[in-house]
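A.B. asks: Coordinates in run32.cif, mmCIF, C-alpha atoms, are listed below.
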```
data_structure
#
loop_
_atom_site.label_atom_id
_atom_site.label_comp_id
_atom_site.auth_asym_id
_atom_site.auth_seq_id
_atom_site.Cartn_x
_atom_site.Cartn_y
_atom_site.Cartn_z
CA MET A 1 62.05 19.99 13.12
CA LYS A 2 59.17 22.31 13.96
CA GLY A 3 55.69 20.79 14.05
CA ALA A 4 53.78 23.05 11.64
CA ASP A 5 54.40 23.51 7.92
CA ILE A 6 52.45 25.74 5.54
CA LEU A 7 51.47 24.95 1.96
CA LEU A 8 50.15 27.76 -0.22
CA GLY A 9 49.83 29.03 -3.78
CA LEU A 10 52.25 31.61 -5.17
CA GLN A 11 50.28 32.82 -8.20
CA TRP A 12 46.59 33.68 -8.74
CA GLY A 13 45.31 30.39 -7.34
CA ASP A 14 44.61 27.10 -9.14
CA GLU A 15 48.26 26.05 -8.79
CA GLY A 16 47.50 22.45 -7.79
CA LYS A 17 47.57 22.71 -3.98
CA GLY A 18 44.93 20.02 -3.50
CA LYS A 19 46.99 17.35 -5.23
CA ILE A 20 50.12 18.18 -3.24
CA VAL A 21 48.30 18.24 0.12
CA ASP A 22 46.90 14.81 -0.74
CA VAL A 23 50.41 13.57 -1.62
CA LEU A 24 51.97 15.02 1.54
CA THR A 25 49.27 14.04 4.04
CA ARG A 26 50.79 10.61 4.67
CA ASP A 27 53.56 12.45 6.55
CA TYR A 28 51.22 14.62 8.66
CA ASP A 29 48.85 14.04 11.55
CA VAL A 30 46.76 17.20 11.09
CA VAL A 31 45.74 19.01 7.89
CA ALA A 32 44.09 22.39 8.46
CA ARG A 33 42.48 24.88 6.07
CA PHE A 34 43.20 28.40 7.29
CA GLN A 35 41.27 30.82 5.03
CA GLY A 36 38.89 31.21 2.11
CA GLY A 37 35.61 29.46 1.53
CA PRO A 38 33.68 27.60 -1.16
CA ASN A 39 35.24 29.85 -3.82
CA ALA A 40 38.24 27.50 -3.55
CA GLY A 41 38.42 24.41 -5.73
CA HIS A 42 41.14 21.96 -4.72
CA THR A 43 41.33 19.11 -7.24
CA LEU A 44 42.72 15.67 -6.40
CA GLU A 45 42.98 12.69 -8.72
CA PHE A 46 43.86 9.11 -7.89
CA GLU A 47 42.82 5.65 -9.08
CA GLY A 48 41.33 7.31 -12.16
CA ILE A 49 38.81 9.36 -10.16
CA LYS A 50 38.77 13.16 -9.94
CA HIS A 51 37.68 14.84 -6.71
CA VAL A 52 37.07 18.56 -6.16
CA LEU A 53 37.00 19.94 -2.60
CA HIS A 54 35.81 23.45 -1.80
CA THR A 55 35.91 23.84 1.98
CA ILE A 56 37.02 20.48 3.36
CA PRO A 57 40.82 20.06 3.70
CA SER A 58 42.55 18.02 1.01
CA GLY A 59 43.85 15.47 3.52
CA ILE A 60 40.37 14.03 4.02
CA PHE A 61 41.11 10.87 2.01
CA HIS A 62 43.74 9.75 4.53
CA ALA A 63 42.03 8.02 7.44
CA LYS A 64 44.81 8.65 9.98
CA ALA A 65 44.82 12.44 9.60
CA ILE A 66 42.60 14.86 11.47
CA ASN A 67 41.28 17.52 9.07
CA ILE A 68 40.49 20.92 10.54
CA VAL A 69 38.39 23.71 9.03
CA GLY A 70 39.95 26.66 10.83
CA ASN A 71 38.54 29.88 12.20
CA GLY A 72 39.79 31.85 9.18
CA VAL A 73 37.49 29.93 6.81
CA VAL A 74 33.96 31.06 5.90
CA ILE A 75 31.41 28.27 5.48
CA ASP A 76 28.21 27.88 3.47
CA PRO A 77 26.41 24.94 5.13
CA VAL A 78 24.64 23.99 1.88
CA ILE A 79 27.86 23.64 -0.12
CA PHE A 80 29.61 22.04 2.84
CA MET A 81 27.01 19.30 3.20
CA ARG A 82 27.06 18.64 -0.55
CA GLU A 83 30.78 17.94 -0.18
CA ILE A 84 30.09 15.60 2.73
CA ASP A 85 27.46 13.74 0.69
CA LYS A 86 29.93 13.22 -2.19
CA LEU A 87 32.55 11.83 0.18
CA ALA A 88 30.26 9.36 1.95
CA PRO A 89 30.06 6.78 -0.91
CA LEU A 90 33.87 6.78 -1.03
CA GLY A 91 34.06 5.50 2.54
CA VAL A 92 35.26 8.79 4.06
CA ASP A 93 34.11 9.04 7.69
CA CYS A 94 33.92 12.80 8.22
CA ALA A 95 32.42 12.41 11.68
CA LYS A 96 35.67 10.73 12.69
CA SER A 97 38.30 12.70 10.79
CA LEU A 98 36.86 16.23 10.49
CA ARG A 99 36.79 19.09 13.01
CA ILE A 100 35.05 22.42 12.32
CA SER A 101 36.03 25.59 14.16
CA ARG A 102 33.29 27.20 16.21
CA LYS A 103 34.93 30.51 15.32
CA ALA A 104 34.53 30.04 11.55
CA HIS A 105 32.02 32.50 10.09
CA LEU A 106 28.81 31.49 8.36
CA ILE A 107 27.82 32.52 4.85
CA LEU A 108 24.11 33.38 4.92
CA PRO A 109 21.81 33.34 1.86
CA THR A 110 21.61 37.14 2.10
CA HIS A 111 25.41 37.33 1.84
CA ARG A 112 25.04 35.82 -1.62
CA LEU A 113 22.42 38.43 -2.52
CA LEU A 114 24.78 41.19 -1.40
CA ASP A 115 27.61 39.66 -3.42
CA ALA A 116 25.53 39.58 -6.61
CA ALA A 117 24.27 43.14 -6.12
CA SER A 118 27.78 44.46 -5.44
CA GLU A 119 29.25 42.79 -8.51
CA ALA A 120 26.41 44.02 -10.73
CA ALA A 121 26.90 47.58 -9.50
CA LYS A 122 30.58 47.54 -10.52
CA GLY A 123 29.72 47.04 -14.19
CA LYS A 124 32.86 46.82 -16.33
CA ASN A 125 35.00 47.18 -13.18
CA LYS A 126 33.66 43.97 -11.65
CA ILE A 127 36.13 41.90 -9.65
CA GLY A 128 35.13 38.53 -11.06
CA SER A 129 33.57 37.23 -7.83
CA THR A 130 32.31 33.65 -7.67
CA LEU A 131 29.09 35.17 -6.18
CA LYS A 132 29.15 32.75 -3.25
CA GLY A 133 28.81 35.49 -0.62
CA ILE A 134 32.39 35.28 0.57
CA GLY A 135 33.31 38.97 0.34
CA PRO A 136 30.21 40.18 2.25
CA THR A 137 30.80 37.49 4.89
CA TYR A 138 34.35 38.70 5.52
CA MET A 139 33.03 42.28 5.59
CA ASP A 140 30.60 41.32 8.35
CA LYS A 141 33.44 39.55 10.16
CA THR A 142 35.68 42.62 10.19
CA GLY A 143 32.67 44.86 10.86
CA ARG A 144 31.87 42.71 13.92
CA ASN A 145 28.40 41.83 12.69
CA GLY A 146 29.01 38.26 11.54
CA LEU A 147 27.58 34.99 12.74
CA ARG A 148 29.96 32.20 13.71
CA ILE A 149 29.23 28.51 13.75
CA GLY A 150 29.44 28.47 17.54
CA ASP A 151 26.55 30.95 17.64
CA VAL A 152 24.23 28.20 16.39
CA GLU A 153 24.61 26.49 19.77
CA LEU A 154 23.32 29.62 21.58
CA PRO A 155 19.65 29.94 22.58
CA ASP A 156 19.22 33.29 20.79
CA PHE A 157 20.71 32.22 17.46
CA GLU A 158 17.46 32.71 15.57
CA GLU A 159 17.23 36.31 16.78
CA ARG A 160 20.84 36.93 15.74
CA TYR A 161 20.16 35.43 12.31
CA GLU A 162 17.05 37.53 11.73
CA ALA A 163 18.82 40.72 12.84
CA LEU A 164 21.68 40.19 10.40
CA LYS A 165 19.26 39.22 7.63
CA ALA A 166 17.27 42.42 8.21
CA LYS A 167 20.48 44.47 8.03
CA HIS A 168 21.37 42.85 4.71
CA LEU A 169 17.91 43.44 3.23
CA GLN A 170 18.11 47.08 4.25
CA MET A 171 21.47 47.36 2.48
CA LEU A 172 19.96 45.81 -0.66
CA ASP A 173 17.25 48.51 -0.61
CA GLY A 174 14.84 46.73 -2.92
CA ALA A 175 17.47 45.49 -5.41
CA GLU A 176 16.24 42.72 -7.68
CA PRO A 177 16.95 39.42 -5.84
CA ALA A 178 19.25 36.96 -7.63
CA PHE A 179 17.29 33.94 -6.33
CA ASP A 180 14.29 32.90 -4.23
CA LEU A 181 15.40 33.89 -0.73
CA ALA A 182 12.72 31.89 1.12
CA ALA A 183 13.69 28.68 -0.70
CA ALA A 184 17.40 29.38 -0.16
CA GLU A 185 16.81 29.94 3.57
CA SER A 186 14.91 26.68 3.90
CA GLU A 187 17.76 24.77 2.24
CA TRP A 188 20.33 26.66 4.35
CA LYS A 189 18.64 25.86 7.67
CA SER A 190 18.21 22.21 6.74
CA ALA A 191 21.91 21.98 5.88
CA MET A 192 22.81 23.79 9.10
CA ASP A 193 20.86 21.21 11.14
CA ARG A 194 22.79 18.42 9.42
CA MET A 195 26.10 20.20 9.87
CA LEU A 196 25.57 20.33 13.64
CA GLN A 197 25.80 16.53 13.65
CA LEU A 198 29.48 16.89 12.69
CA PRO A 199 32.16 17.58 15.32
CA LEU A 200 32.44 21.27 16.18
CA ALA A 201 35.56 22.20 18.13
CA ASP A 202 37.71 24.98 19.52
CA THR A 203 40.22 24.22 16.79
CA ASP A 204 42.78 26.79 17.92
CA VAL A 205 43.08 24.75 21.11
CA LEU A 206 43.30 21.52 19.08
CA ILE A 207 46.15 22.99 17.01
CA GLN A 208 48.05 24.00 20.14
CA GLU A 209 47.51 20.60 21.78
CA ALA A 210 48.67 18.82 18.63
CA TYR A 211 51.82 20.93 18.52
CA ARG A 212 52.67 20.24 22.17
CA ALA A 213 52.10 16.52 21.57
CA GLY A 214 54.67 16.53 18.78
CA LYS A 215 52.12 16.02 16.01
CA ARG A 216 52.99 17.16 12.49
CA ILE A 217 50.63 19.87 11.21
CA LEU A 218 50.12 20.99 7.61
CA ALA A 219 48.33 24.31 7.12
CA GLU A 220 46.56 24.39 3.73
CA GLY A 221 45.92 27.70 2.01
CA ALA A 222 43.35 28.52 -0.66
CA GLN A 223 43.59 30.85 -3.68
CA GLY A 224 47.11 32.29 -4.13
CA THR A 225 49.50 35.01 -2.99
CA MET A 226 48.65 37.33 -5.87
CA LEU A 227 45.04 37.32 -4.64
CA ASP A 228 45.96 38.32 -1.08
CA VAL A 229 43.87 41.24 0.18
CA ASP A 230 47.03 43.17 1.17
CA PHE A 231 49.78 41.93 -1.15
CA GLY A 232 47.85 40.85 -4.24
CA THR A 233 46.72 42.82 -7.29
CA TYR A 234 44.25 44.92 -5.32
CA PRO A 235 41.31 45.48 -5.78
CA PHE A 236 41.15 42.37 -7.97
CA VAL A 237 41.80 40.08 -5.02
CA THR A 238 40.00 37.79 -2.62
CA SER A 239 38.79 38.92 0.82
CA SER A 240 41.20 37.00 3.03
CA THR A 241 44.91 36.70 3.81
CA THR A 242 46.24 34.04 1.44
CA THR A 243 49.88 34.43 2.51
CA ALA A 244 51.74 32.53 5.23
CA ALA A 245 50.60 35.12 7.78
CA GLY A 246 47.04 33.91 7.23
CA ALA A 247 47.94 30.51 8.65
CA CYS A 248 48.72 32.18 11.97
CA THR A 249 45.51 34.20 12.20
CA GLY A 250 43.35 31.55 10.54
CA LEU A 251 44.34 28.70 12.85
CA GLY A 252 45.74 30.21 16.04
CA LEU A 253 49.22 29.06 15.02
CA ALA A 254 52.10 31.03 16.54
CA PRO A 255 54.73 32.23 14.00
CA ASN A 256 57.63 30.65 15.91
CA ARG A 257 56.02 27.21 15.48
CA ILE A 258 56.20 27.29 11.68
CA GLY A 259 58.80 25.10 10.00
CA GLU A 260 58.72 24.72 6.21
CA VAL A 261 56.79 27.07 3.94
CA ILE A 262 55.98 25.17 0.76
CA GLY A 263 55.11 27.28 -2.27
CA ILE A 264 53.21 25.79 -5.21
CA PHE A 265 53.38 27.30 -8.71
CA LYS A 266 52.59 26.29 -12.27
CA ALA A 267 55.23 26.10 -14.99
CA TYR A 268 53.21 28.92 -16.57
CA CYS A 269 50.63 31.38 -15.15
CA THR A 270 46.83 31.39 -15.06
CA ARG A 271 44.23 33.75 -13.70
CA VAL A 272 40.43 33.57 -13.36
CA GLY A 273 38.32 36.71 -13.55
CA SER A 274 39.31 40.32 -13.94
CA GLY A 275 42.52 42.08 -12.98
CA PRO A 276 46.03 42.72 -14.28
CA PHE A 277 48.00 39.85 -15.78
CA PRO A 278 51.31 41.10 -17.26
CA THR A 279 52.33 37.91 -19.09
CA GLU A 280 48.90 36.99 -20.46
CA LEU A 281 48.78 35.17 -23.80
CA ASP A 282 45.53 36.38 -25.30
CA ASN A 283 46.14 34.48 -28.54
CA ASP A 284 46.11 31.02 -30.11
CA LEU A 285 49.02 29.83 -27.97
CA GLY A 286 47.20 30.92 -24.81
CA GLU A 287 44.13 29.01 -25.95
CA ALA A 288 46.23 25.92 -26.73
CA ILE A 289 47.70 25.99 -23.20
CA ARG A 290 44.20 26.45 -21.77
CA GLN A 291 42.88 23.40 -23.60
CA LYS A 292 45.88 21.16 -22.95
CA GLY A 293 46.06 22.15 -19.29
CA HIS A 294 42.27 21.90 -18.81
CA GLU A 295 42.36 25.43 -17.48
CA PHE A 296 38.76 25.89 -16.46
CA GLY A 297 37.73 26.83 -12.94
CA SER A 298 37.01 23.80 -10.75
CA THR A 299 34.48 25.89 -8.82
CA THR A 300 32.89 28.02 -11.56
CA GLY A 301 33.89 26.31 -14.81
CA ARG A 302 35.06 29.65 -16.15
CA PRO A 303 37.98 29.56 -18.63
CA ARG A 304 41.22 30.63 -17.02
CA ARG A 305 43.40 33.24 -18.66
CA THR A 306 46.85 31.82 -19.46
CA GLY A 307 50.32 33.30 -19.83
CA TRP A 308 54.06 32.81 -19.53
CA LEU A 309 55.73 32.27 -16.17
CA ASP A 310 56.23 35.58 -14.35
CA LEU A 311 59.39 35.19 -12.25
CA VAL A 312 59.22 38.76 -10.90
CA ALA A 313 55.83 38.00 -9.31
CA LEU A 314 56.99 34.53 -8.23
CA LYS A 315 60.06 35.88 -6.45
CA TYR A 316 57.88 38.51 -4.76
CA ALA A 317 55.57 35.75 -3.50
CA VAL A 318 58.58 33.75 -2.27
CA GLU A 319 59.81 36.75 -0.27
CA VAL A 320 56.41 37.73 1.18
CA ASN A 321 55.79 34.18 2.40
CA GLY A 322 59.31 33.17 3.40
CA VAL A 323 59.08 30.14 1.10
CA THR A 324 61.63 27.41 1.84
CA GLN A 325 60.59 24.84 -0.81
CA LEU A 326 59.11 25.26 -4.29
CA MET A 327 56.96 22.73 -6.13
CA MET A 328 56.29 23.15 -9.85
CA MET A 329 53.06 21.87 -11.33
CA LYS A 330 51.89 21.09 -14.88
CA ALA A 331 55.29 20.81 -16.52
CA ASP A 332 53.66 18.36 -18.93
CA VAL A 333 51.37 21.06 -20.36
CA LEU A 334 54.31 22.92 -21.92
CA SER A 335 55.62 19.83 -23.74
CA GLY A 336 55.96 20.37 -27.47
CA LEU A 337 56.97 24.05 -27.35
CA GLU A 338 60.34 24.76 -28.94
CA HIS A 339 60.90 27.95 -26.96
CA LEU A 340 59.50 29.36 -23.72
CA GLU A 341 59.36 32.97 -22.65
CA VAL A 342 59.95 33.84 -18.99
CA CYS A 343 59.34 37.29 -17.52
CA THR A 344 62.46 38.39 -15.61
CA ALA A 345 61.79 42.14 -15.26
CA TYR A 346 59.20 44.84 -15.93
CA ARG A 347 59.46 48.04 -17.92
CA TYR A 348 57.50 50.32 -15.59
CA ARG A 349 56.85 53.95 -16.39
CA GLY A 350 59.90 54.11 -18.64
CA ALA A 351 62.35 52.33 -16.32
CA GLU A 352 63.30 48.67 -16.06
CA ILE A 353 62.61 47.24 -12.60
CA SER A 354 63.03 43.80 -11.06
CA HIS A 355 60.39 44.08 -8.32
CA LEU A 356 56.60 44.11 -8.14
CA PRO A 357 55.39 47.73 -8.34
CA TYR A 358 52.37 49.26 -6.62
CA ARG A 359 50.12 48.53 -9.62
CA LEU A 360 50.42 46.09 -12.51
CA ASP A 361 48.16 48.00 -14.93
CA ALA A 362 48.91 47.21 -18.56
CA SER A 363 49.02 50.96 -19.31
CA LEU A 364 51.92 51.35 -16.86
CA LEU A 365 53.83 48.12 -17.24
CA GLU A 366 55.34 45.87 -19.89
CA PRO A 367 57.01 42.51 -19.18
CA VAL A 368 60.64 41.94 -20.15
CA TYR A 369 61.20 38.38 -21.35
CA GLN A 370 64.09 35.97 -21.57
CA THR A 371 63.80 33.10 -24.04
CA LEU A 372 64.59 29.57 -22.83
CA ALA A 373 64.62 26.26 -24.68
CA GLY A 374 61.46 24.17 -24.41
CA TRP A 375 61.02 20.40 -24.42
CA ARG A 376 59.19 18.22 -26.90
CA GLU A 377 58.96 15.02 -24.86
CA ASP A 378 55.68 13.74 -23.39
CA LEU A 379 56.27 13.81 -19.63
CA THR A 380 53.10 12.11 -18.39
CA ALA A 381 54.66 8.64 -18.17
CA VAL A 382 57.89 9.78 -16.49
CA ARG A 383 58.23 8.38 -12.97
CA ASP A 384 61.91 9.11 -12.22
CA PRO A 385 63.16 12.71 -12.17
CA LYS A 386 66.40 11.50 -13.77
CA ASP A 387 64.36 10.83 -16.92
CA LEU A 388 63.18 14.42 -17.30
CA PRO A 389 64.46 16.23 -20.43
CA ALA A 390 67.65 18.25 -20.01
CA THR A 391 65.90 21.41 -21.20
CA LEU A 392 63.26 21.01 -18.48
CA GLU A 393 66.01 20.58 -15.90
CA SER A 394 67.58 23.81 -17.22
CA TYR A 395 64.20 25.56 -16.90
CA VAL A 396 63.89 24.42 -13.28
CA ARG A 397 67.47 25.44 -12.44
CA PHE A 398 66.82 28.89 -13.97
CA ILE A 399 63.82 29.29 -11.64
CA GLU A 400 65.86 28.15 -8.63
CA ALA A 401 68.64 30.62 -9.42
CA PHE A 402 66.18 33.50 -9.87
CA THR A 403 64.16 32.85 -6.69
CA GLY A 404 66.95 31.47 -4.49
CA VAL A 405 64.74 28.55 -3.40
CA PRO A 406 65.03 24.86 -4.42
CA VAL A 407 62.35 23.25 -6.58
CA VAL A 408 61.92 19.97 -4.71
CA LEU A 409 59.07 18.53 -6.76
CA VAL A 410 57.89 18.56 -10.39
CA SER A 411 54.39 17.38 -11.28
CA VAL A 412 53.82 15.84 -14.74
CA GLY A 413 50.10 15.09 -14.51
CA PRO A 414 47.08 15.23 -12.20
CA ASP A 415 47.41 11.77 -10.62
CA ARG A 416 49.21 11.08 -7.34
CA GLU A 417 51.65 8.87 -9.22
CA GLN A 418 52.66 11.68 -11.58
CA THR A 419 54.69 13.39 -8.86
CA LEU A 420 58.48 13.50 -9.14
CA TRP A 421 60.65 14.38 -6.14
CA ARG A 422 63.88 16.07 -7.21
CA ARG A 423 65.26 16.17 -3.69
#
```
How does this structure look as C-alpha cells?
C.D. replies:
Amino acid sequence: MKGADILLGLQWGDEGKGKIVDVLTRDYDVVARFQGGPNAGHTLEFEGIKHVLHTIPSGIFHAKAINIVGNGVVIDPVIFMREIDKLAPLGVDCAKSLRISRKAHLILPTHRLLDAASEAAKGKNKIGSTLKGIGPTYMDKTGRNGLRIGDVELPDFEERYEALKAKHLQMLDGAEPAFDLAAAESEWKSAMDRMLQLPLADTDVLIQEAYRAGKRILAEGAQGTMLDVDFGTYPFVTSSTTTAAGACTGLGLAPNRIGEVIGIFKAYCTRVGSGPFPTELDNDLGEAIRQKGHEFGSTTGRPRRTGWLDLVALKYAVEVNGVTQLMMMKADVLSGLEHLEVCTAYRYRGAEISHLPYRLDASLLEPVYQTLAGWREDLTAVRDPKDLPATLESYVRFIEAFTGVPVVLVSVGPDREQTLWRR
C-alpha cells in the first residue's frame, strides 16, 4: 500500500469532503490541505455540534494526526486566527497538531480590494467570487510578486509588504474602496503576529519524511473538479488546481507515491455562483431539494443552485483524477421522490455526445436524461448498508456501471454516525 491517498470533490464543490476527511482521519497520521483558501467551507458534524473549517484541515479534531496547511494554500491571517479561536474552547491544541507551510502565500487586505473591484467591473459576467482576495493572491503568486508566510521571518518583510500594497493601490487607480483599508491592515497585522506563534514548517520536507517513515498521508482538496482552473467550467472556476494533480504541486508529493484517489460526490448536483449548470432545476423541485439539503454556502451563506446528477460530468471528473473509490453523499435528501432523472449524455450542437465538451453553455447544450426509480424511505436512521432501499442500491449500481468505479460509501446525514460503508 502506498503512503499517500487523495480525497477531493468531483462536482462544483460542497460535496461533503470535510465530513469524510473527519471520518477517515482515524486511519491516517497526516492530513494535508493542498490548495484553495478561506473560500472553502468544510463542514463536520458530530455529537450534535456543527463545525465549519475554511483553511485548517478537517483532521484537526483527531489528536494523533498532524494537520498540514500546504504550500498550495493561500492564507488570510485574520480568518485563520478566527478559526483557531473557535477551536480552542473545544480542546483542540493547534500548536501541537498543526503545521503551516512557509511557502503558502498570504492574502493581503489589498488583495480583497482588488477582488471586489474586479468582480464589480465584470457586471453581469461576474464569476461569483467570495471576495476574499483569493484570485488576486494566486495572480500575484504566478506573477512572482506574492508574499509567502516565510517572508514574515525576513528582516525586510515590511518593505516587501509596502511595495506590494503600493502596486495594488496603483492597479486600483482610485476605485472606491470596499472597506476601511487602515482598519483592515491593523487587524491583519495583529492576526499575523498571533499566527507566528503557531508552528511554521517546510511542509514539503515534512511530507517526504512522513512518507519515508511509512506514515499514512491523506491529501485534502477544496472546491471541486468542475471548478478546476484548467479542467473546470472556465472562466467560472476557482484560481487553483482542484484535481489530483494539485496534491502533487500543493504539497510536494511525488505522483508515484499516490495510492488511492477518493472522489466525493452528491446524489444530486449543486453549484454556488455563476456559470453553466446543465442539469439545474430552477423550479419548485430544485427549491425543495435546496431546503431539505440545507444547500446554502457554508462560507458565504448564498443559496446553492440544485439539479439532477450529471453522470457525464462525474465520469469526466473520475477520468481526470484517476479516481479509485467513489463516496456518495446526501442520499437522504432525495428520499420521497418517486422518480429520479440522471443525465447520461448531452445533445451538443445537434449531435448526441457522451463526453464533456469544450463549453457547457446552455445555448449549445441540452442534457439527455434517463429516468430511474426513487425511494420513499427515510434514510437518516439507517446504520447498516444492508437496510438501504433496493431502489437506492439500484441507483448506486447504475452510477458504478457508468463510471467504472465502486461506490464504497453512502452518507445518509451530516453526522459521523450516518456513514455507511458498502465495501
A.B. asks: Running the PyMOL selection byres ((chain A and resi 202-209) around 9) on this model by hand, what would come out? Give it as an MDAnalysis selection string.
C.D. replies: chainID A and resid 30 32 68:71 99:103 200:201 210:215 217 250:254
A.B. asks: Quick one: everything within 9 Å of Ala40 (chain A), counting only C-alpha atoms, minus sequence neighbours fewer than 4 positions away in the same chain. Send it as a JSON list (two decimals) with C-alpha atoms, in the coordinates of the input.
C.D. replies:
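New file selection-v2.json:
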```json
[["chain", "number", "residue", "atom", "x", "y", "z"],
["A", 13, "GLY", "CA", 45.31, 30.39, -7.34],
["A", 14, "ASP", "CA", 44.61, 27.10, -9.14],
["A", 36, "GLY", "CA", 38.89, 31.21, 2.11],
["A", 53, "LEU", "CA", 37.00, 19.94, -2.60],
["A", 54, "HIS", "CA", 35.81, 23.45, -1.80],
["A", 55, "THR", "CA", 35.91, 23.84, 1.98],
["A", 222, "ALA", "CA", 43.35, 28.52, -0.66],
["A", 223, "GLN", "CA", 43.59, 30.85, -3.68],
["A", 298, "SER", "CA", 37.01, 23.80, -10.75],
["A", 299, "THR", "CA", 34.48, 25.89, -8.82]]
```
A.B. asks: Running the PyMOL selection byres ((chain A and resi 338) around 12) on this model by hand, what would come out? Give it as number ranges by chain.
C.D. replies: A: 334-337, 339-341, 371-377, 391-392
A.B. asks: Please tell me which residues are no farther than 12 Å from (63.6, 49.8, -19.5) in the file, counting all atoms listed in the file, and write them as a ChimeraX atom specification.
C.D. replies: /A:345-354,365-369
A.B. asks: Write the residues of the preceding selection, restricted to C-alpha atoms, as a PDB file, in the frame of the given file.
C.D. replies:
```pdb
ATOM      1  CA  ALA A 345      61.790  42.140 -15.260  1.00  0.00           C
ATOM      2  CA  TYR A 346      59.200  44.840 -15.930  1.00  0.00           C
ATOM      3  CA  ARG A 347      59.460  48.040 -17.920  1.00  0.00           C
ATOM      4  CA  TYR A 348      57.500  50.320 -15.590  1.00  0.00           C
ATOM      5  CA  ARG A 349      56.850  53.950 -16.390  1.00  0.00           C
ATOM      6  CA  GLY A 350      59.900  54.110 -18.640  1.00  0.00           C
ATOM      7  CA  ALA A 351      62.350  52.330 -16.320  1.00  0.00           C
ATOM      8  CA  GLU A 352      63.300  48.670 -16.060  1.00  0.00           C
ATOM      9  CA  ILE A 353      62.610  47.240 -12.600  1.00  0.00           C
ATOM     10  CA  SER A 354      63.030  43.800 -11.060  1.00  0.00           C
ATOM     11  CA  LEU A 365      53.830  48.120 -17.240  1.00  0.00           C
ATOM     12  CA  GLU A 366      55.340  45.870 -19.890  1.00  0.00           C
ATOM     13  CA  PRO A 367      57.010  42.510 -19.180  1.00  0.00           C
ATOM     14  CA  VAL A 368      60.640  41.940 -20.150  1.00  0.00           C
ATOM     15  CA  TYR A 369      61.200  38.380 -21.350  1.00  0.00           C
TER      16      TYR A 369
END
```
A.B. asks: Considering only C-alpha atoms, state which residue in the set A:Leu169, A:Val261, A:Gln197, A:Leu314 is at the smallest distance from Glu400 (chain A).
C.D. replies: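 Closest to Glu400 (chain A), using only C-alpha atoms: A:Leu314.
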A.B. asks: Evaluating the PyMOL selection byres ((chain A and resi 413-418) around 12) on the displayed file yields which residues, as an NGL selection string?
C.D. replies: :A and (15-25 or 42-51 or 266 or 292-294 or 328-335 or 378-385 or 409-412 or 419-421)
A.B. asks: Residues of region 179-272 of chain A that approach region 356-362 of chain A to 10 Å or less, counting only C-alpha atoms: could you list each one with the shortest pair of atoms and its distance in Å to one decimal, rows by chain and increasing residue number, as JSON lines?
C.D. replies:
```
{"residue": "A:Phe231", "atom": "CA", "partner": "A:Tyr358", "partner_atom": "CA", "distance": 9.5}
{"residue": "A:Gly232", "atom": "CA", "partner": "A:Arg359", "partner_atom": "CA", "distance": 9.6}
{"residue": "A:Thr233", "atom": "CA", "partner": "A:Arg359", "partner_atom": "CA", "distance": 7.0}
{"residue": "A:Tyr234", "atom": "CA", "partner": "A:Arg359", "partner_atom": "CA", "distance": 8.1}
```
A.B. asks: Nearest to Lys315 (chain A): which of A:Cys269, A:Gln11, A:Ala175, A:His105 is it, counting only C-alpha atoms?
C.D. replies: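 The answer is A:Gln11, which sits nearest to Lys315 (chain A).
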A.B. asks: Mind completing region 409-421 of chain A with N, CA and C atoms? Output as an mmCIF file, in the frame of the given file, please?
C.D. replies:
```cif
data_model
loop_
_atom_site.group_PDB
_atom_site.id
_atom_site.type_symbol
_atom_site.label_atom_id
_atom_site.label_comp_id
_atom_site.auth_asym_id
_atom_site.auth_seq_id
_atom_site.Cartn_x
_atom_site.Cartn_y
_atom_site.Cartn_z
ATOM 1 N N LEU A 409 60.039 19.444 -6.154
ATOM 2 C CA LEU A 409 59.070 18.530 -6.760
ATOM 3 C C LEU A 409 58.620 19.096 -8.108
ATOM 4 N N VAL A 410 58.450 18.205 -9.085
ATOM 5 C CA VAL A 410 57.890 18.560 -10.390
ATOM 6 C C VAL A 410 56.722 17.613 -10.659
ATOM 7 N N SER A 411 55.569 18.185 -10.972
ATOM 8 C CA SER A 411 54.390 17.380 -11.280
ATOM 9 C C SER A 411 54.232 17.291 -12.791
ATOM 10 N N VAL A 412 53.946 16.067 -13.292
ATOM 11 C CA VAL A 412 53.820 15.840 -14.740
ATOM 12 C C VAL A 412 52.447 15.291 -15.108
ATOM 13 N N GLY A 413 51.468 15.537 -14.245
ATOM 14 C CA GLY A 413 50.100 15.090 -14.510
ATOM 15 C C GLY A 413 49.272 15.195 -13.242
ATOM 16 N N PRO A 414 47.959 15.012 -13.347
ATOM 17 C CA PRO A 414 47.080 15.230 -12.200
ATOM 18 C C PRO A 414 47.066 14.113 -11.157
ATOM 19 N N ASP A 415 47.503 12.914 -11.528
ATOM 20 C CA ASP A 415 47.410 11.770 -10.620
ATOM 21 C C ASP A 415 48.501 11.813 -9.547
ATOM 22 N N ARG A 416 48.217 11.195 -8.416
ATOM 23 C CA ARG A 416 49.210 11.080 -7.340
ATOM 24 C C ARG A 416 50.538 10.538 -7.841
ATOM 25 N N GLU A 417 50.444 9.554 -8.746
ATOM 26 C CA GLU A 417 51.650 8.870 -9.220
ATOM 27 C C GLU A 417 52.510 9.751 -10.127
ATOM 28 N N GLN A 418 51.932 10.804 -10.657
ATOM 29 C CA GLN A 418 52.660 11.680 -11.580
ATOM 30 C C GLN A 418 53.334 12.820 -10.814
ATOM 31 N N THR A 419 54.053 12.437 -9.772
ATOM 32 C CA THR A 419 54.690 13.390 -8.860
ATOM 33 C C THR A 419 56.138 12.993 -8.690
ATOM 34 N N LEU A 420 57.056 13.839 -9.137
ATOM 35 C CA LEU A 420 58.480 13.500 -9.140
ATOM 36 C C LEU A 420 59.225 14.344 -8.119
ATOM 37 N N TRP A 421 59.861 13.675 -7.164
ATOM 38 C CA TRP A 421 60.650 14.380 -6.140
ATOM 39 C C TRP A 421 62.087 14.550 -6.628
#
```
